[in-house]
Amino acid sequence: MIKLEPAILQAVEKPARYTGHELNAVHKPWDDVDCHFALSLADVYEVGMSNLGLKILYEILNNRHDTLCERVYAPWIDMEDIMRQRNIPLFSLESFTEINKFDILGFSLQYEMIYSNVLNMLDLAGIPIWAKDRAEGDTFVVGGGPTVYNTEPICEFFDFFILGEGEEVISEVAEAFVQWKKCGRPGGRAGFLREAAKLEGIYVPSFYEVKYGENGYFSSIEPTALEAKAKIYKRVIRDIDGVHFVEKPVMPYIGIVHDRIMLELFRGCTRGCRFCQAGTSYRPVRERSPEYLRQLARKLVDYSGYNEISLTSLSSADYSCLGELVDDLFSDFAEEKVSFSLPSLRIDSFSIDLAHKMQQVRKSGLTFAPEAGTQRLRDVINKGVTEENLMTAVEAAFRQGWKQVKLYFMMGLPTETDEDIVGIARLAEKVARKYKEVTGKWGVTVTISVSCFVPKPHTPFQWFGQLPKAEFERRQQLLKDSIQERAVKFHYHDARVSVLEGAISRGDRRLNKVIYQAWLDGAKFDGWTDLFKEDVWYGAFEKCGVDLTEYNERSRKLDEPLPWEHTSPGVSREFLQREYEKALQAELTEDCRRGNCSACGVCPALGASVIDHQQSEVGGNV
Amino acid sequence: MYKYRAQLTKGDEIRYISHLDYAGVMERAIRRAKLPAAYSEGFNPHLKMSFASPLSLGVTSDAEYMDFELTKPLCQPEVFDRLSRALPPGIKLIRLKPVKEPRPCEGKKHKALMAEVEQGLYEIEAPLVGDWSKALAAIHKFNQATVITYHRVTPKKTRDIEVKQYMLDQVKASMVGERVVLDMNIAITQSGSIKPVEILELLVKKYGLPIDMGKALINRSQLLGQGKPLIDLV
């Protein structure tokens with residue numbers, strides 16, 4: 001058990017990151033259970049504590065009588081320095097137990113630039129960084145979350161991965177571990193991994209052999225163990241109302257990033273934006289029933305004391321019973337001064353009316369995501385939004401009193417030309433002028449936030465070569481120079497980080513050594529702009545003799561084997577290719593939730609189906 | 001509106017949360033307790049609650065005072081039980097009293113909680129690293145001095161503070177096991193005060209008190225107004 005003395009805690013920023021004891025944290029006697037699970041997100045406390053998936057898994061694991069689950073996050077750099085100076089190992093926030101005493105350590109992998117922190121945490125915990133170096137009795141390291149659809153660049157640091165939704169499979173893993181332990185750990189570490197590999201949705205990278213072709217590119221991956229499947233499909237929760245959701249969230253004493261209730265309305269989004277990895281990896285759409293959501297909201301408010309509920313989903317405004325649900329929640333919580341928010345808005349007046357209802361007076365700002373500056377390019381990415389839609393939406397917003405609009409765009413999309421870049425400025429200016437037209441005065445702020453497009457695995461753009469850094473920077477400058485209206489403010493993402501993310505997200509196993517080298521040379525908290533060390537990363541690629549541009553800038557051939565295709569969210573290669581070809585023709589594809597099925601392959605591959613409450617009501621009446 | 005005054009603790013578990021965070025934690029506790037809390041008017045309603053003197057990060061307390069308002073006159077035991085049950089680890093409700101506002105003929109209304117505070121009692125304990133006699137000598141010298149200056153450095157400004165004007169009593173020292181325990185009685189005024197940790201710093205650095213400051217623990221044992229605990233003022 002680690003006890004930090006006052007001098008240490010007085011010396012670091014926000015010491016309550018490390019002192020635990022939060023309300024609703026679960027404390028179980030260590031010796032009462034067979035499986036000791038530590039759950040982590042390799043970022044600071046305030047970020048880690050905000051993750052909904054971990055909150056759910058924490059409760060599920062702690063609801064098992066044979067398992068305990070505790071939390072651990074990345075110490076901030078000030079605390080890390082002290083821990084390294086004084087040889088204090090990484091510890092959990094419930095029992096302050098050293099992390100290397102846990103049986104399993106799980107990381108939620110939210111984005112690629114968190115990988116260096118994973119390595120750093122393993123090192124601080126005293127767990128061998130390379131999976132092959134771990135001995136009998138060492139902690140098993142498992143990863144899950146959004147980046148698991150290409151884990152090859154980090155697969156040598158993990159014993160196994162969980163693909164897809166974890167509610168059921170995390171329990172199966174704990175069960176398998178307990179059984180293996182009770183049977184006297186047959187076969188040692190590999191014995192447990194073989195048991196894990198039998199479960200659906202589990203990928204054990206050490207059970208596969210990778211081959212590269214003469215051109216140096218990835219050519220094949222083959223299972224080497226009997227239990228390892230040639231293709232692993234993600235896990236999906238078929239009955240979304242029947243699965244456990246957070247009821248008693250651990251209540252932080254200090255402010256965290258999402259310091260409110262997150263009520264998840266549904267999983268998945270089938271709008272089919274071609275750049276979006278979440279759009280393919282969380283399919284199919286499955287809505288929770290409004291009745292169940294009201295029950296959940298009640299419990300969450302009672303157990304947390306929060307007075308704010310965020311209605312979260314990939315595109316919350318698409319929830320079929322949203323209007324009705326919001327009315328019901330308003331009346332349920334009228335006495336308790338609970339407020340509601342929608343994290344994302346659709347570009348239409350329905351969303352504006354709803355936002356108006358929710359933010360009765362505090363009209364802080366509205367955010368829309370047209371993603372591209374011209375209609376042609378919006379059609380390429382299948383955004384399904386027209387300029388007219390946007391103008392109607394902002395007009396409604398300005399009439400309701402909003403004065404701040406934020407517009408999200410991407411730069412470097414396939415087929416993009418300078419005209420599309422300038423189109424971003426023109427669109428933003430039209431929005432600003434709309435305000436003048438509606439209100440008769442100036443005084444609006446239109447912020448355009450432009451990110452650098454990163455092609456992601458298992459999306460229609462997975463073959464597309466990312467722009468070089470210099471070209472991103474040229475286009476950023478072009479856009480900057482194109483803005484003539486003072487009401488338009490321009491923010492853009494750091495291209496240096498985006499091109500690295502581009503390399504890692506479509507990387508193969510040869511990047512493990514690069515990531516290791518970068519960590520060795522001091523990379524950590526790469527997602528924090530002021531801590532990102534560009535030289536360290538470029539240096540690591542160079543030292544390892546790996547050409548970065550082969551991974552991010554190179555366009556893949558359509559018939560080329562891709563290193564991530566054995567770990568699948570269920571969308572078929574044929575569908576992705578069809579979508580890529582349609583994109584190049586600027587042809588649209590319908591949302592399968594209400595329109596035609598686009599044969600993406602998810603439902604048959606996973607034995608799941610769309611759950612849409614509006615549809616089922618209609619179906620019931622026929 | 002029905003006002004109540006609570007005496008709460010800030011325990012070792014939450015020693016390192018700020019005053020603002022403590023207030024947020026209490027706000028959520030009142031909501032979990034399902035008390036008919038009164039909210040401020042306006043567009044962004046918040047709970048009507050106020051606190052006495054903010055506590056420094058790292059200091060525990062047996063005497064945190066909070067006034068809050070309900071829209072219904074619930075009886076004291078009910079409010080006490082409901083609030084107690086909703087508190088997180090590290091906070092205990094010690095006493096609770098309804099605040100009786102005097103009738104207009106009886107004189108002035110209660111002052112704001114913060115304005116009622118006049119003195120704070122603190123105890124500091126830390127391991128002795130040297131001679132007890134040397135410790136006593138250091139304390140004695142501090143107590144005898146007529147003027148002591150503390151050089152306070154904050155990110156915004158630095159200034160010199162005369163310490164003795166805030167010392168309502170002599171610092172008392174005793175030994176409990178291997179640890180030195182210091183008792184302090186500090187004036188808290190509208191125009192300022194001195195923090196116990198600042199006195200400790202002076203004692204160690206200027207008067208040579210032989211203790212391990214890195215292991216020092218500070219606790220506020222009481223807050224007084226008119227010589228009485230704040231809860232006895234209502």
# chains A, B, ... in the order shown; residues from 1 in each chain; ligands from 1
>>> closest_atom_pairs(of="chain B", to="chain A", cutoff="7 Å", atoms="only C-alpha atoms", output="CSV")
residue,atom,partner,partner_atom,distance
B:Glu13,CA,A:His21,CA,6.1
B:Tyr16,CA,A:Ala16,CA,5.4
B:Ile17,CA,A:Ala16,CA,5.9
B:Asp21,CA,A:Ile254,CA,5.6
B:Val25,CA,A:Tyr253,CA,6.4
B:Arg28,CA,A:Gly305,CA,4.4
B:Ala29,CA,A:Gly305,CA,6.2
B:Arg31,CA,A:Gly305,CA,5.1
B:Arg32,CA,A:Gly305,CA,4.7
B:Phe43,CA,A:Val361,CA,6.1
B:Gly58,CA,A:Gln10,CA,6.9
B:Pro88,CA,A:Leu23,CA,5.1
B:Pro89,CA,A:His21,CA,6.4
B:Gly214,CA,A:Ala7,CA,4.2
B:Lys215,CA,A:Pro6,CA,5.5
>>> select_by_dssp(residues="stretch 208-389 of chain A", states="alpha helix (DSSP H)", output="VMD selection string")
chain A and resid 277 to 281 290 to 304 322 to 332 349 to 358 375 to 380 387 to 389
>>> write_last_selection(atoms="C-alpha atoms", output="compact mmCIF listing (two decimals), in the first residue's frame")
# COMPACT_ATOMS: atom_id res chain seq x y z
CA GLN A 277 -14.45 5.94 -37.91
CA ALA A 278 -17.05 6.08 -35.14
CA GLY A 279 -19.68 5.93 -37.87
CA THR A 280 -18.48 2.52 -39.01
CA SER A 281 -17.20 1.09 -35.76
CA PRO A 290 -37.41 6.50 -23.45
CA GLU A 291 -38.89 4.78 -20.39
CA TYR A 292 -35.57 3.14 -19.54
CA LEU A 293 -33.71 6.43 -20.05
CA ARG A 294 -36.04 8.20 -17.62
CA GLN A 295 -35.40 5.51 -15.00
CA LEU A 296 -31.67 5.82 -15.52
CA ALA A 297 -31.79 9.61 -15.25
CA ARG A 298 -33.67 9.35 -11.96
CA LYS A 299 -31.14 6.96 -10.45
CA LEU A 300 -28.17 8.96 -11.66
CA VAL A 301 -29.46 12.23 -10.25
CA ASP A 302 -30.28 10.55 -6.93
CA TYR A 303 -26.90 8.89 -6.56
CA SER A 304 -24.73 11.70 -7.89
CA LEU A 322 -35.98 13.07 -28.47
CA GLY A 323 -38.73 15.69 -28.27
CA GLU A 324 -40.88 13.49 -26.09
CA LEU A 325 -37.96 12.40 -23.92
CA VAL A 326 -36.84 15.96 -23.28
CA ASP A 327 -40.39 16.99 -22.29
CA ASP A 328 -40.61 14.06 -19.90
CA LEU A 329 -37.23 14.74 -18.34
CA PHE A 330 -38.10 18.40 -17.91
CA SER A 331 -41.21 17.51 -15.97
CA ASP A 332 -39.47 14.74 -14.00
CA SER A 349 -34.24 23.96 -37.07
CA PHE A 350 -35.52 21.03 -35.00
CA SER A 351 -32.16 21.01 -33.23
CA ILE A 352 -32.29 24.76 -32.72
CA ASP A 353 -35.74 24.61 -31.16
CA LEU A 354 -34.55 21.88 -28.87
CA ALA A 355 -31.38 23.73 -27.91
CA HIS A 356 -33.47 26.81 -27.26
CA LYS A 357 -35.69 24.83 -24.92
CA MET A 358 -32.69 23.42 -23.09
CA GLN A 375 -21.38 21.33 -51.61
CA ARG A 376 -19.27 19.16 -53.88
CA LEU A 377 -16.90 18.23 -51.07
CA ARG A 378 -19.73 17.74 -48.57
CA ASP A 379 -21.18 15.26 -51.06
CA VAL A 380 -17.81 13.53 -51.36
CA GLU A 387 -25.74 25.36 -47.45
CA GLU A 388 -29.46 26.00 -47.29
CA ASN A 389 -29.75 23.65 -44.27
>>> residues_around(residues="A:Cys592", least_positions_apart="3", cutoff="10 Å", atoms="only C-alpha atoms", output="PDB file with N, CA and C atoms, in the first residue's frame")
ATOM      1  N   CYS A 269     -24.206   5.282 -35.296  1.00  0.00           N
ATOM      2  CA  CYS A 269     -24.697   6.369 -36.127  1.00  0.00           C
ATOM      3  C   CYS A 269     -24.587   5.852 -37.540  1.00  0.00           C
ATOM      4  N   THR A 270     -25.675   5.947 -38.295  1.00  0.00           N
ATOM      5  CA  THR A 270     -25.647   5.380 -39.648  1.00  0.00           C
ATOM      6  C   THR A 270     -25.791   6.451 -40.714  1.00  0.00           C
ATOM      7  N   ARG A 271     -25.468   7.689 -40.345  1.00  0.00           N
ATOM      8  CA  ARG A 271     -25.539   8.759 -41.338  1.00  0.00           C
ATOM      9  C   ARG A 271     -24.542   8.510 -42.461  1.00  0.00           C
ATOM     10  N   GLY A 272     -23.482   7.785 -42.141  1.00  0.00           N
ATOM     11  CA  GLY A 272     -22.571   7.340 -43.197  1.00  0.00           C
ATOM     12  C   GLY A 272     -21.570   8.365 -43.677  1.00  0.00           C
ATOM     13  N   PRO A 284     -24.578  -1.491 -35.414  1.00  0.00           N
ATOM     14  CA  PRO A 284     -25.696  -0.713 -35.933  1.00  0.00           C
ATOM     15  C   PRO A 284     -26.258   0.241 -34.874  1.00  0.00           C
ATOM     16  N   VAL A 285     -27.152   1.138 -35.303  1.00  0.00           N
ATOM     17  CA  VAL A 285     -27.812   2.036 -34.363  1.00  0.00           C
ATOM     18  C   VAL A 285     -28.716   1.228 -33.444  1.00  0.00           C
ATOM     19  N   THR A 589     -24.979   8.438 -50.201  1.00  0.00           N
ATOM     20  CA  THR A 589     -25.542   7.162 -49.736  1.00  0.00           C
ATOM     21  C   THR A 589     -26.521   7.484 -48.613  1.00  0.00           C
ATOM     22  N   GLY A 595     -33.696   5.016 -44.316  1.00  0.00           N
ATOM     23  CA  GLY A 595     -33.703   4.804 -45.762  1.00  0.00           C
ATOM     24  C   GLY A 595     -33.297   3.380 -46.127  1.00  0.00           C
ATOM     25  N   ASN A 596     -32.775   3.235 -47.333  1.00  0.00           N
ATOM     26  CA  ASN A 596     -32.388   1.906 -47.804  1.00  0.00           C
ATOM     27  C   ASN A 596     -31.154   1.378 -47.088  1.00  0.00           C
ATOM     28  N   CYS A 597     -31.112   0.065 -46.955  1.00  0.00           N
ATOM     29  CA  CYS A 597     -29.915  -0.588 -46.416  1.00  0.00           C
ATOM     30  C   CYS A 597     -28.782  -0.397 -47.408  1.00  0.00           C
ATOM     31  N   SER A 598     -27.619  -0.008 -46.915  1.00  0.00           N
ATOM     32  CA  SER A 598     -26.500   0.191 -47.831  1.00  0.00           C
ATOM     33  C   SER A 598     -25.580  -1.028 -47.850  1.00  0.00           C
ATOM     34  N   ALA A 599     -26.040  -2.118 -47.261  1.00  0.00           N
ATOM     35  CA  ALA A 599     -25.302  -3.389 -47.260  1.00  0.00           C
ATOM     36  C   ALA A 599     -23.862  -3.230 -46.760  1.00  0.00           C
ATOM     37  N   CYS A 600     -23.731  -2.616 -45.587  1.00  0.00           N
ATOM     38  CA  CYS A 600     -22.390  -2.444 -45.025  1.00  0.00           C
ATOM     39  C   CYS A 600     -21.877  -3.747 -44.433  1.00  0.00           C
ATOM     40  N   VAL A 610     -30.705  -2.986 -36.253  1.00  0.00           N
ATOM     41  CA  VAL A 610     -31.019  -1.617 -35.858  1.00  0.00           C
ATOM     42  C   VAL A 610     -32.188  -1.624 -34.878  1.00  0.00           C
TER      43      VAL A 610
END
>>> atom_distance(atom1="atom CA of A:Arg593", atom2="atom CA of A:Trp564")
27.1 Å
>>> atom_distance(atom1="atom CA of A:Gln462", atom2="atom CA of A:Pro223")
23.8 Å
>>> closest_residue(among="A:Val454, A:Leu226, A:Lys513, A:Leu427", to="A:Gln484", atoms="only C-alpha atoms")
A:Leu427
